[in-house]
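Asker: protein-v3.pdb (PDB, C-alpha atoms and all ligand atoms) pasted underneath:
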ATOM      1  CA  HIS W   1     134.382  40.361  63.059
ATOM      2  CA  GLN W   2     134.347  44.037  62.130
ATOM      3  CA  GLY W   3     131.246  43.841  59.930
ATOM      4  CA  HIS W   4     133.376  45.109  57.016
ATOM      5  CA  PHE W   5     133.484  48.543  58.608
ATOM      6  CA  SER W   6     136.712  50.336  57.784
ATOM      7  CA  TRP W   7     137.725  53.413  59.772
ATOM      8  CA  GLU W   8     140.174  54.368  57.062
ATOM      9  CA  LYS W   9     137.470  54.542  54.424
ATOM     10  CA  TYR W  10     134.939  56.084  56.791
ATOM     11  CA  LEU W  11     137.265  58.877  57.948
ATOM     12  CA  LYS W  12     137.999  59.712  54.317
ATOM     13  CA  GLU W  13     134.343  59.651  53.304
ATOM     14  CA  THR W  14     133.281  61.815  56.237
ATOM     15  CA  GLY W  15     136.341  64.071  56.068
ATOM     16  CA  SER W  16     136.862  63.629  59.788
ATOM     17  CA  GLN W  17     139.740  63.089  62.193
ATOM     18  CA  PRO W  18     140.109  60.543  64.977
ATOM     19  CA  ALA W  19     140.535  61.885  68.521
ATOM     20  CA  PRO W  20     144.265  61.516  69.297
ATOM     21  CA  PRO W  21     144.994  58.593  71.694
ATOM     22  CA  HIS W  22     146.376  60.957  74.392
ATOM     23  CA  CYS W  23     142.827  62.329  74.854
ATOM     24  CA  PHE W  24     141.775  59.011  76.423
ATOM     25  CA  LYS W  25     142.394  57.385  79.787
ATOM     26  CA  GLN W  26     142.717  54.036  77.995
ATOM     27  CA  SER W  27     146.261  52.707  77.753
ATOM     28  CA  CYS W  28     147.722  53.027  74.228
ATOM     29  CA  SER W  29     148.527  49.318  74.134
ATOM     30  CA  PRO W  30     145.392  47.552  75.373
ATOM     31  CA  PRO W  31     145.860  45.189  78.344
ATOM     32  CA  SER W  32     145.798  41.448  77.681
ATOM     33  CA  ASN W  33     142.669  39.569  78.631
ATOM     34  CA  ASP W  34     143.730  36.327  80.341
ATOM     35  CA  TYR W  35     140.444  35.695  82.143
ATOM     36  CA  LYS W  36     138.388  32.568  81.564
ATOM     37  CA  ILE W  37     134.653  31.998  81.776
ATOM     38  CA  GLY W  38     133.668  30.926  85.282
ATOM     39  CA  MET W  39     136.511  32.690  87.114
ATOM     40  CA  LYS W  40     135.426  34.547  90.231
ATOM     41  CA  LEU W  41     136.642  37.900  91.455
ATOM     42  CA  GLU W  42     135.539  40.803  93.637
ATOM     43  CA  ALA W  43     133.598  43.603  91.975
ATOM     44  CA  GLN W  44     131.859  46.756  93.050
ATOM     45  CA  ASP W  45     128.084  46.306  92.795
ATOM     46  CA  PRO W  46     127.216  48.746  89.959
ATOM     47  CA  ARG W  47     123.799  49.381  91.533
ATOM     48  CA  ASN W  48     125.186  49.904  95.028
ATOM     49  CA  THR W  49     128.766  51.098  94.612
ATOM     50  CA  THR W  50     129.644  50.987  98.312
ATOM     51  CA  SER W  51     129.276  47.170  98.217
ATOM     52  CA  THR W  52     132.043  44.809  97.205
ATOM     53  CA  CYS W  53     130.538  41.545  95.910
ATOM     54  CA  ILE W  54     131.610  38.252  94.361
ATOM     55  CA  ALA W  55     131.283  38.237  90.588
ATOM     56  CA  SER W  56     131.721  35.529  87.981
ATOM     57  CA  VAL W  57     133.065  36.026  84.490
ATOM     58  CA  VAL W  58     130.195  34.995  82.210
ATOM     59  CA  GLY W  59     131.660  36.392  78.991
ATOM     60  CA  LEU W  60     134.807  37.862  77.447
ATOM     61  CA  THR W  61     135.126  40.309  74.589
ATOM     62  CA  GLY W  62     138.288  42.183  73.670
ATOM     63  CA  ALA W  63     139.749  43.784  76.808
ATOM     64  CA  ARG W  64     136.378  43.522  78.574
ATOM     65  CA  LEU W  65     134.687  41.078  80.936
ATOM     66  CA  ARG W  66     130.999  40.379  81.142
ATOM     67  CA  LEU W  67     130.318  39.981  84.865
ATOM     68  CA  ARG W  68     127.420  38.644  86.916
ATOM     69  CA  LEU W  69     127.202  39.069  90.682
ATOM     70  CA  ASP W  70     126.874  35.750  92.512
ATOM     71  CA  GLY W  71     123.459  35.528  94.132
ATOM     72  CA  SER W  72     122.003  38.010  91.640
ATOM     73  CA  ASP W  73     119.902  37.267  88.546
ATOM     74  CA  ASN W  74     121.061  37.116  84.930
ATOM     75  CA  LYS W  75     119.305  40.388  84.005
ATOM     76  CA  ASN W  76     121.893  42.700  85.509
ATOM     77  CA  ASP W  77     125.137  41.682  83.834
ATOM     78  CA  PHE W  78     127.702  44.432  83.424
ATOM     79  CA  TRP W  79     130.922  44.938  81.514
ATOM     80  CA  ARG W  80     134.302  45.987  82.891
ATOM     81  CA  LEU W  81     137.682  46.515  81.280
ATOM     82  CA  VAL W  82     140.295  44.065  82.556
ATOM     83  CA  ASP W  83     142.215  47.077  83.956
ATOM     84  CA  SER W  84     139.188  48.498  85.791
ATOM     85  CA  SER W  85     139.758  49.688  89.358
ATOM     86  CA  GLU W  86     136.298  48.288  90.143
ATOM     87  CA  ILE W  87     137.480  44.667  90.048
ATOM     88  CA  GLN W  88     140.071  42.941  92.236
ATOM     89  CA  PRO W  89     141.224  39.456  93.262
ATOM     90  CA  ILE W  90     139.189  37.547  95.840
ATOM     91  CA  GLY W  91     140.598  38.252  99.282
ATOM     92  CA  THR W  92     141.353  41.935  98.632
ATOM     93  CA  CYS W  93     138.280  43.159 100.467
ATOM     94  CA  GLU W  94     138.978  41.086 103.579
ATOM     95  CA  LYS W  95     142.671  42.113 103.622
ATOM     96  CA  SER W  96     141.633  45.741 103.886
ATOM     97  CA  GLY W  97     139.236  44.945 106.724
ATOM     98  CA  GLY W  98     136.068  44.958 104.614
ATOM     99  CA  MET W  99     133.281  42.380 104.307
ATOM    100  CA  LEU W 100     131.863  40.952 101.109
ATOM    101  CA  GLN W 101     128.243  42.018 100.663
ATOM    102  CA  PRO W 102     125.259  40.339  98.997
ATOM    103  CA  PRO W 103     124.391  42.040  95.687
ATOM    104  CA  LEU W 104     121.434  44.388  95.460
ATOM    105  CA  GLY W 105     118.521  42.053  94.662
ATOM    106  CA  PHE W 106     120.127  39.031  96.388
ATOM    107  CA  ARG W 107     117.743  36.232  95.438
ATOM    108  CA  LEU W 108     117.782  34.514  98.856
ATOM    109  CA  ASN W 109     116.919  35.586 102.341
ATOM    110  CA  ALA W 110     119.531  38.031 103.726
ATOM    111  CA  SER W 111     120.151  35.667 106.639
ATOM    112  CA  SER W 112     121.396  32.958 104.273
ATOM    113  CA  TRP W 113     124.148  35.208 102.896
ATOM    114  CA  PRO W 114     127.034  33.876 105.054
ATOM    115  CA  MET W 115     126.329  30.258 104.069
ATOM    116  CA  PHE W 116     125.750  31.255 100.427
ATOM    117  CA  LEU W 117     129.129  33.014 100.387
ATOM    118  CA  LEU W 118     130.868  30.013 101.915
ATOM    119  CA  LYS W 119     129.377  27.637  99.339
ATOM    120  CA  THR W 120     130.046  30.062  96.471
ATOM    121  CA  LEU W 121     133.740  30.360  97.277
ATOM    122  CA  ASN W 122     134.254  26.698  98.136
ATOM    123  CA  GLY W 123     136.124  25.114  95.247
ATOM    124  CA  ALA W 124     135.632  28.195  93.068
ATOM    125  CA  GLU W 125     138.120  29.046  90.343
ATOM    126  CA  MET W 126     139.438  32.406  91.512
ATOM    127  CA  ALA W 127     140.957  34.763  88.965
ATOM    128  CA  PRO W 128     144.689  34.860  89.838
ATOM    129  CA  ALA W 129     146.112  38.234  90.918
ATOM    130  CA  LYS W 130     148.569  38.300  88.000
ATOM    131  CA  ILE W 131     145.830  38.684  85.373
ATOM    132  CA  PHE W 132     144.537  41.935  86.919
ATOM    133  CA  HIS W 133     145.942  45.130  85.465
ATOM    134  CA  LYS W 134     146.493  48.500  87.085
ATOM    135  CA  GLU W 135     144.054  51.172  85.916
ATOM    136  CA  PRO W 136     145.817  53.748  83.711
ATOM    137  CA  PRO W 137     146.065  57.359  84.935
ATOM    138  CA  SER W 138     143.699  59.985  83.539
ATOM    139  CA  PRO W 139     144.986  62.604  81.106
ATOM    140  CA  ALA W 140     145.607  65.898  82.944
ATOM    141  CA  GLN W 141     142.808  67.663  81.107
ATOM    142  CA  ASN W 142     139.994  67.350  78.587
ATOM    143  CA  ASN W 143     141.672  67.501  75.170
ATOM    144  CA  PHE W 144     138.670  66.465  73.098
ATOM    145  CA  GLU W 145     137.317  68.741  70.379
ATOM    146  CA  ILE W 146     133.982  68.767  68.604
ATOM    147  CA  GLY W 147     133.934  66.524  65.536
ATOM    148  CA  MET W 148     136.657  64.106  66.636
ATOM    149  CA  LYS W 149     135.844  60.435  66.016
ATOM    150  CA  LEU W 150     136.113  57.662  68.576
ATOM    151  CA  GLU W 151     134.786  54.229  69.542
ATOM    152  CA  ALA W 152     132.271  54.237  72.385
ATOM    153  CA  VAL W 153     130.195  51.819  74.435
ATOM    154  CA  ASP W 154     126.474  52.096  73.705
ATOM    155  CA  ARG W 155     125.322  52.512  77.329
ATOM    156  CA  LYS W 156     121.811  51.272  76.516
ATOM    157  CA  ASN W 157     123.291  48.130  74.961
ATOM    158  CA  PRO W 158     126.668  47.903  76.679
ATOM    159  CA  HIS W 159     127.842  44.862  74.742
ATOM    160  CA  PHE W 160     128.088  47.155  71.678
ATOM    161  CA  ILE W 161     131.038  49.395  70.878
ATOM    162  CA  CYS W 162     130.256  51.785  68.018
ATOM    163  CA  PRO W 163     131.726  54.555  65.883
ATOM    164  CA  ALA W 164     130.981  57.892  67.526
ATOM    165  CA  THR W 165     131.705  61.609  67.275
ATOM    166  CA  ILE W 166     132.367  64.258  69.926
ATOM    167  CA  GLY W 167     129.232  66.425  69.732
ATOM    168  CA  GLU W 168     130.028  68.984  72.428
ATOM    169  CA  VAL W 169     132.697  69.755  75.013
ATOM    170  CA  ARG W 170     131.830  71.393  78.343
ATOM    171  CA  GLY W 171     134.506  71.573  81.044
ATOM    172  CA  SER W 172     135.546  68.016  81.835
ATOM    173  CA  GLU W 173     132.478  66.581  80.078
ATOM    174  CA  ILE W 174     131.995  65.484  76.472
ATOM    175  CA  LEU W 175     128.871  64.623  74.495
ATOM    176  CA  VAL W 176     129.326  61.237  72.806
ATOM    177  CA  THR W 177     127.100  61.018  69.729
ATOM    178  CA  PHE W 178     126.593  57.728  67.879
ATOM    179  CA  ASP W 179     127.045  57.930  64.125
ATOM    180  CA  GLY W 180     123.867  57.160  62.227
ATOM    181  CA  TRP W 181     121.529  56.835  65.230
ATOM    182  CA  ARG W 182     119.848  60.274  65.300
ATOM    183  CA  GLY W 183     120.852  61.028  68.874
ATOM    184  CA  ALA W 184     118.889  58.166  70.425
ATOM    185  CA  PHE W 185     121.944  56.697  72.180
ATOM    186  CA  ASP W 186     123.975  59.843  72.862
ATOM    187  CA  TYR W 187     125.267  60.590  76.355
ATOM    188  CA  TRP W 188     127.440  62.971  78.312
ATOM    189  CA  CYS W 189     130.442  61.577  80.171
ATOM    190  CA  ARG W 190     133.754  62.681  81.591
ATOM    191  CA  TYR W 191     136.730  62.865  79.220
ATOM    192  CA  ASP W 192     138.407  60.085  81.238
ATOM    193  CA  SER W 193     135.414  57.699  81.006
ATOM    194  CA  ARG W 194     136.173  53.990  80.640
ATOM    195  CA  ASP W 195     133.476  53.718  77.954
ATOM    196  CA  ILE W 196     135.310  55.595  75.205
ATOM    197  CA  PHE W 197     138.240  54.419  73.126
ATOM    198  CA  PRO W 198     140.530  55.697  70.403
ATOM    199  CA  VAL W 199     139.809  54.753  66.790
ATOM    200  CA  GLY W 200     141.355  51.325  66.193
ATOM    201  CA  TRP W 201     140.851  50.086  69.790
ATOM    202  CA  CYS W 202     138.491  47.245  68.837
ATOM    203  CA  SER W 203     140.721  46.013  66.082
ATOM    204  CA  LEU W 204     143.633  45.926  68.602
ATOM    205  CA  THR W 205     141.664  44.115  71.309
ATOM    206  CA  GLY W 206     139.677  41.857  68.988
ATOM    207  CA  ASP W 207     136.392  43.295  70.279
ATOM    208  CA  ASN W 208     133.513  43.744  67.807
ATOM    209  CA  LEU W 209     133.050  47.232  66.442
ATOM    210  CA  GLN W 210     129.482  47.818  65.218
ATOM    211  CA  PRO W 211     129.065  49.579  61.883
ATOM    212  CA  PRO W 212     127.492  53.087  62.074
ATOM    213  CA  GLY W 213     123.694  53.191  62.148
ATOM    214  CA  THR W 214     121.736  53.907  59.003
ATOM    215  CA  LYS W 215     119.550  56.667  60.414
ATOM    216  CA  VAL W 216     120.385  60.157  59.276
ATOM    217  CA  ALA W 217     121.404  62.582  61.996
ATOM    218  CA  ILE W 218     119.124  65.602  62.211
ATOM    219  CA  PRO W 219     121.332  68.581  61.428
ATOM    220  CA  LYS W 220     121.537  71.133  64.279
ATOM    221  CA  SER W 221     121.044  74.133  62.006
ATOM    222  CA  PRO W 222     118.973  73.930  58.836
ATOM    223  CA  ALA W 223     120.964  73.543  55.624
ATOM    224  CA  PRO W 224     121.244  76.814  53.691
ATOM    225  CA  ALA W 225     118.064  77.140  51.619
ATOM    226  CA  ALA W 226     118.345  76.930  47.848
ATOM    227  CA  GLY W 227     116.457  80.219  47.694
ATOM    228  CA  ILE W 228     113.506  81.718  49.503
ATOM    229  CA  ALA W 229     111.234  80.493  46.717
ATOM    230  CA  SER W 230     112.027  76.853  47.474
ATOM    231  CA  GLY W 231     110.467  77.223  50.915
ATOM    232  CA  ILE W 232     107.423  78.973  49.551
ATOM    233  CA  LEU W 233     106.967  76.427  46.791
ATOM    234  CA  ARG W 234     107.120  73.548  49.264
ATOM    235  CA  GLY W 235     104.363  75.157  51.296
ATOM    236  CA  PRO W 236     104.098  76.767  54.702
ATOM    237  CA  LYS W 237     104.978  73.644  56.729
ATOM    238  CA  THR W 238     108.594  73.735  55.663
ATOM    239  CA  LEU W 239     108.952  77.287  56.926
ATOM    240  CA  LEU W 240     108.428  76.224  60.544
ATOM    241  CA  PRO W 241     111.794  76.655  62.237
ATOM    242  CA  GLY W 242     113.740  73.751  63.717
ATOM    243  CA  VAL W 243     110.970  71.169  64.111
ATOM    244  CA  PRO W 244     112.582  67.775  63.823
ATOM    245  CA  GLY W 245     110.008  66.028  61.661
ATOM    246  CA  ARG W 246     110.102  63.104  59.299
ATOM    247  CA  ARG W 247     111.458  63.944  55.902
ATOM    248  CA  ARG W 248     109.624  62.797  52.838
ATOM    249  CA  ARG W 249     111.522  60.253  50.771
ATOM    250  CA  LYS W 250     112.314  61.110  47.193
ATOM    251  CA  PRO W 251     110.399  58.850  44.804
ATOM    252  CA  GLY W 252     112.616  55.953  43.820
ATOM    253  CA  ARG W 253     114.431  55.800  47.142
ATOM    254  CA  LYS W 254     113.331  52.853  49.284
ATOM    255  CA  LYS W 255     112.298  53.095  52.929
ATOM    256  CA  GLY W 256     115.339  52.890  55.178
ATOM    257  CA  GLN W 257     117.682  53.806  52.351
ATOM    258  CA  LEU W 258     119.640  57.023  52.781
ATOM    259  CA  PRO W 259     120.089  59.719  50.189
ATOM    260  CA  LYS W 260     123.596  59.258  48.787
ATOM    261  CA  ALA W 261     124.957  62.510  50.167
ATOM    262  CA  LEU W 262     123.900  61.588  53.712
ATOM    263  CA  ALA W 263     124.699  57.904  53.717
ATOM    264  CA  HIS W 264     127.736  58.376  55.934
ATOM    265  CA  GLN W 265     126.631  61.097  58.333
TER     266      GLN W 265
HETATM  267  N1  LIG W 301     117.697  46.906  69.069
HETATM  268  C1  LIG W 301     118.242  48.195  69.191
HETATM  269  C2  LIG W 301     119.717  48.191  69.007
HETATM  270  C3  LIG W 301     120.257  49.507  68.802
HETATM  271  C4  LIG W 301     121.739  49.567  69.009
HETATM  272  C5  LIG W 301     122.243  50.953  68.731
HETATM  273  N2  LIG W 301     123.593  51.155  69.083
HETATM  274  C6  LIG W 301     124.476  50.250  68.352
HETATM  275  C7  LIG W 301     124.001  52.551  68.920
HETATM  276  C8  LIG W 301     117.550  49.154  68.235
HETATM  277  O1  LIG W 301     117.552  48.897  67.033
HETATM  278  O2  LIG W 301     117.010  50.129  68.692
END
As structure tokens - that is how I would like this structure written.
Ligand code: MLY

Answerer:
Amino acid sequence: HQGHFSWEKYLKETGSQPAPPHCFKQSCSPPSNDYKIGMKLEAQDPRNTTSTCIASVVGLTGARLRLRLDGSDNKNDFWRLVDSSEIQPIGTCEKSGGMLQPPLGFRLNASSWPMFLLKTLNGAEMAPAKIFHKEPPSPAQNNFEIGMKLEAVDRKNPHFICPATIGEVRGSEILVTFDGWRGAFDYWCRYDSRDIFPVGWCSLTGDNLQPPGTKVAIPKSPAPAAGIASGILRGPKTLLPGVPGRRRRKPGRKKGQLPKALAHQ
């Protein structure tokens, strides 16, 4: 479910614009997800990207797969779009003359890898080639602008996709800032990252879009003062420039509750 979050309302309330779909690498019509739990495929080991490993689908959400490398533990699951170039049908590696590798942190002795691989693939349900999708091309250039809204994977909690805002643009990089999280989850990535999506992506794919956080973003530049006297009256502490400190709550406003004017920042 969408947690009752409405982009339409939110864009109006925040007076903001969504990043146009042509800014993103993601295909405008999301690819279908025809995978099933338990299917096996080949995937690049995210912790050792020169290795091609066997992975099992352990979860599905929207156009994404939750993958676990066979022979690895359950603490290193990762998510891939169904049209990722980092996944392919079983047999692809061998066809191109490569060898399947044990994952980083293979839980058995390295010498038992060949037998492990044999047993893993024996009778396995392999994801059929027809359910893989070609990765879309990247846009020719970075078309993002500061302030544009988007949906983005929280890289610290990659099962979450959240409302976000472009915070900065530098060459082919963008700063993805998470609405209502005070910068704690922000990251820089390329404009053609597979972790960012146009507004409306989750509702098209059926993925869950988290609501914005409830923590107020610390403004970059201090709000224009109501008058020099206000600073003096509040005491010398408030005159210190740019120290991100805790703000005092107004009496009557509960802990964790935002002042009305900031509730949607
Ligand atoms: N347990 C974590 C979850 C935070 C998720 C933030 N994302 C959605 C931007 C926490 O509360 O810190």

Asker: Could you work out an axis-aligned box for ligand LIG 301 (chain W), taking every atom the file lists and adding 8 Å on each side, and report centre and edge lengths in Å to one decimal, as JSON?

Answerer:
{"center_x": 120.7, "center_y": 49.7, "center_z": 68.1, "size_x": 23.5, "size_y": 21.6, "size_z": 18.2}

Asker: Counting all atoms listed in the file, which residue out of W:Met39, W:Cys189, W:Ala140, W:Ala129 sits closest to Ala152 in chain W?

Answerer: W:Cys189

Asker: Residues within 8 Å of ligand LIG 301 (chain W) (all atoms listed in the file), as a ChimeraX atom specification?

Answerer: /W:154,156-157,160-162,178-179,181,184-185,210-213

Asker: Could you save the residues just selected, with C-alpha atoms, as a compact mmCIF listing (two decimals), in the frame of the given file?

Answerer:
# COMPACT_ATOMS: atom_id res chain seq x y z
CA ASP W 154 126.47 52.10 73.70
CA LYS W 156 121.81 51.27 76.52
CA ASN W 157 123.29 48.13 74.96
CA PHE W 160 128.09 47.16 71.68
CA ILE W 161 131.04 49.40 70.88
CA CYS W 162 130.26 51.78 68.02
CA PHE W 178 126.59 57.73 67.88
CA ASP W 179 127.04 57.93 64.12
CA TRP W 181 121.53 56.84 65.23
CA ALA W 184 118.89 58.17 70.42
CA PHE W 185 121.94 56.70 72.18
CA GLN W 210 129.48 47.82 65.22
CA PRO W 211 129.06 49.58 61.88
CA PRO W 212 127.49 53.09 62.07
CA GLY W 213 123.69 53.19 62.15

Asker: I'd like to see the residues matched by the PyMOL selection byres (((chain W and resi 8-13) around 10) and not hetatm) on this file, and ideally I'd get them as a list in words.

Answerer: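 In the shown coordinates, the PyMOL selection byres (((chain W and resi 8-13) around 10) and not hetatm) covers Phe5, Ser6, Trp7, Thr14, Gly15, Ser16, Gln17, Pro18, Lys149, Pro163, Val199, Gly200, Pro212, Ala263, His264 and Gln265 of chain W.
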
Asker: Rounded to one decimal, what separation in Å do you get between CA of Lys134 in chain W and CA of Asp192 in chain W?

Answerer: 15.3 Å

Asker: Expanded to explicit residues, what is the PyMOL selection byres (((chain W and resi 71) around 7) and not hetatm) for this file, as a list in words?

Answerer: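 Expected selection for the PyMOL selection byres (((chain W and resi 71) around 7) and not hetatm) here is Leu69, Asp70, Ser72, Asp73, Pro103, Phe106 and Arg107 of chain W.
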
Asker: Suppose a student applies the PyMOL selection byres (((chain W and resi 171) around 10) and not hetatm) to this structure; what residues should they get, written as a PyMOL selection string?

Answerer: chain W and resi 141-142+169-170+172-174+190-191

Asker: Rounded to one decimal place, report the CA of Pro46 in chain W-CA of Asn143 in chain W distance in Å.

Answerer: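 Interatomic distance, CA of Pro46 in chain W to CA of Asn143 in chain W: 27.9 Å.
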
Asker: Could I get range 40-59 of chain W rebuilt with N, CA, C and O atoms, written as a PDB file, in the coordinates of the input?

Answerer:
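Saved file part01.pdb follows:
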ATOM      1  N   LYS W  40     136.078  33.639  89.283  1.00  0.00           N
ATOM      2  CA  LYS W  40     135.426  34.547  90.231  1.00  0.00           C
ATOM      3  C   LYS W  40     136.399  35.620  90.695  1.00  0.00           C
ATOM      4  O   LYS W  40     137.617  35.413  90.739  1.00  0.00           O
ATOM      5  N   LEU W  41     135.850  36.767  90.999  1.00  0.00           N
ATOM      6  CA  LEU W  41     136.642  37.900  91.455  1.00  0.00           C
ATOM      7  C   LEU W  41     135.761  38.780  92.336  1.00  0.00           C
ATOM      8  O   LEU W  41     134.565  38.499  92.509  1.00  0.00           O
ATOM      9  N   GLU W  42     136.330  39.835  92.875  1.00  0.00           N
ATOM     10  CA  GLU W  42     135.539  40.803  93.637  1.00  0.00           C
ATOM     11  C   GLU W  42     135.221  41.980  92.726  1.00  0.00           C
ATOM     12  O   GLU W  42     136.077  42.420  91.965  1.00  0.00           O
ATOM     13  N   ALA W  43     133.995  42.448  92.792  1.00  0.00           N
ATOM     14  CA  ALA W  43     133.598  43.603  91.975  1.00  0.00           C
ATOM     15  C   ALA W  43     132.688  44.513  92.779  1.00  0.00           C
ATOM     16  O   ALA W  43     131.915  44.047  93.625  1.00  0.00           O
ATOM     17  N   GLN W  44     132.804  45.794  92.487  1.00  0.00           N
ATOM     18  CA  GLN W  44     131.859  46.756  93.050  1.00  0.00           C
ATOM     19  C   GLN W  44     130.473  46.466  92.467  1.00  0.00           C
ATOM     20  O   GLN W  44     130.367  46.238  91.263  1.00  0.00           O
ATOM     21  N   ASP W  45     129.452  46.457  93.301  1.00  0.00           N
ATOM     22  CA  ASP W  45     128.084  46.306  92.795  1.00  0.00           C
ATOM     23  C   ASP W  45     127.720  47.586  92.045  1.00  0.00           C
ATOM     24  O   ASP W  45     127.662  48.654  92.653  1.00  0.00           O
ATOM     25  N   PRO W  46     127.481  47.514  90.719  1.00  0.00           N
ATOM     26  CA  PRO W  46     127.216  48.746  89.959  1.00  0.00           C
ATOM     27  C   PRO W  46     125.966  49.482  90.448  1.00  0.00           C
ATOM     28  O   PRO W  46     125.844  50.690  90.266  1.00  0.00           O
ATOM     29  N   ARG W  47     125.038  48.743  91.067  1.00  0.00           N
ATOM     30  CA  ARG W  47     123.799  49.381  91.533  1.00  0.00           C
ATOM     31  C   ARG W  47     123.900  49.849  92.982  1.00  0.00           C
ATOM     32  O   ARG W  47     122.961  50.444  93.514  1.00  0.00           O
ATOM     33  N   ASN W  48     125.019  49.543  93.614  1.00  0.00           N
ATOM     34  CA  ASN W  48     125.186  49.904  95.028  1.00  0.00           C
ATOM     35  C   ASN W  48     126.691  49.978  95.278  1.00  0.00           C
ATOM     36  O   ASN W  48     127.289  49.071  95.852  1.00  0.00           O
ATOM     37  N   THR W  49     127.308  51.051  94.795  1.00  0.00           N
ATOM     38  CA  THR W  49     128.766  51.098  94.612  1.00  0.00           C
ATOM     39  C   THR W  49     129.571  51.060  95.914  1.00  0.00           C
ATOM     40  O   THR W  49     130.788  50.946  95.862  1.00  0.00           O
ATOM     41  N   THR W  50     128.884  51.119  97.067  1.00  0.00           N
ATOM     42  CA  THR W  50     129.644  50.987  98.312  1.00  0.00           C
ATOM     43  C   THR W  50     129.828  49.514  98.672  1.00  0.00           C
ATOM     44  O   THR W  50     130.560  49.194  99.604  1.00  0.00           O
ATOM     45  N   SER W  51     129.160  48.604  97.940  1.00  0.00           N
ATOM     46  CA  SER W  51     129.276  47.170  98.217  1.00  0.00           C
ATOM     47  C   SER W  51     130.325  46.508  97.339  1.00  0.00           C
ATOM     48  O   SER W  51     130.343  46.714  96.123  1.00  0.00           O
ATOM     49  N   THR W  52     131.152  45.689  97.967  1.00  0.00           N
ATOM     50  CA  THR W  52     132.043  44.809  97.205  1.00  0.00           C
ATOM     51  C   THR W  52     131.419  43.417  97.246  1.00  0.00           C
ATOM     52  O   THR W  52     131.059  42.920  98.313  1.00  0.00           O
ATOM     53  N   CYS W  53     131.252  42.822  96.051  1.00  0.00           N
ATOM     54  CA  CYS W  53     130.538  41.545  95.910  1.00  0.00           C
ATOM     55  C   CYS W  53     131.421  40.528  95.204  1.00  0.00           C
ATOM     56  O   CYS W  53     132.471  40.867  94.670  1.00  0.00           O
ATOM     57  N   ILE W  54     130.953  39.283  95.176  1.00  0.00           N
ATOM     58  CA  ILE W  54     131.610  38.252  94.361  1.00  0.00           C
ATOM     59  C   ILE W  54     130.949  38.268  92.984  1.00  0.00           C
ATOM     60  O   ILE W  54     129.724  38.309  92.879  1.00  0.00           O
ATOM     61  N   ALA W  55     131.793  38.272  91.957  1.00  0.00           N
ATOM     62  CA  ALA W  55     131.283  38.237  90.588  1.00  0.00           C
ATOM     63  C   ALA W  55     131.914  37.077  89.844  1.00  0.00           C
ATOM     64  O   ALA W  55     133.036  36.675  90.152  1.00  0.00           O
ATOM     65  N   SER W  56     131.181  36.568  88.860  1.00  0.00           N
ATOM     66  CA  SER W  56     131.721  35.529  87.981  1.00  0.00           C
ATOM     67  C   SER W  56     131.834  36.069  86.573  1.00  0.00           C
ATOM     68  O   SER W  56     130.978  36.838  86.128  1.00  0.00           O
ATOM     69  N   VAL W  57     132.903  35.668  85.898  1.00  0.00           N
ATOM     70  CA  VAL W  57     133.065  36.026  84.490  1.00  0.00           C
ATOM     71  C   VAL W  57     132.107  35.143  83.689  1.00  0.00           C
ATOM     72  O   VAL W  57     132.239  33.928  83.706  1.00  0.00           O
ATOM     73  N   VAL W  58     131.134  35.779  83.025  1.00  0.00           N
ATOM     74  CA  VAL W  58     130.195  34.995  82.210  1.00  0.00           C
ATOM     75  C   VAL W  58     130.427  35.230  80.721  1.00  0.00           C
ATOM     76  O   VAL W  58     129.798  34.600  79.884  1.00  0.00           O
ATOM     77  N   GLY W  59     131.335  36.136  80.392  1.00  0.00           N
ATOM     78  CA  GLY W  59     131.660  36.392  78.991  1.00  0.00           C
ATOM     79  C   GLY W  59     132.928  37.207  78.883  1.00  0.00           C
ATOM     80  O   GLY W  59     133.344  37.864  79.842  1.00  0.00           O
TER      81      GLY W  59
END
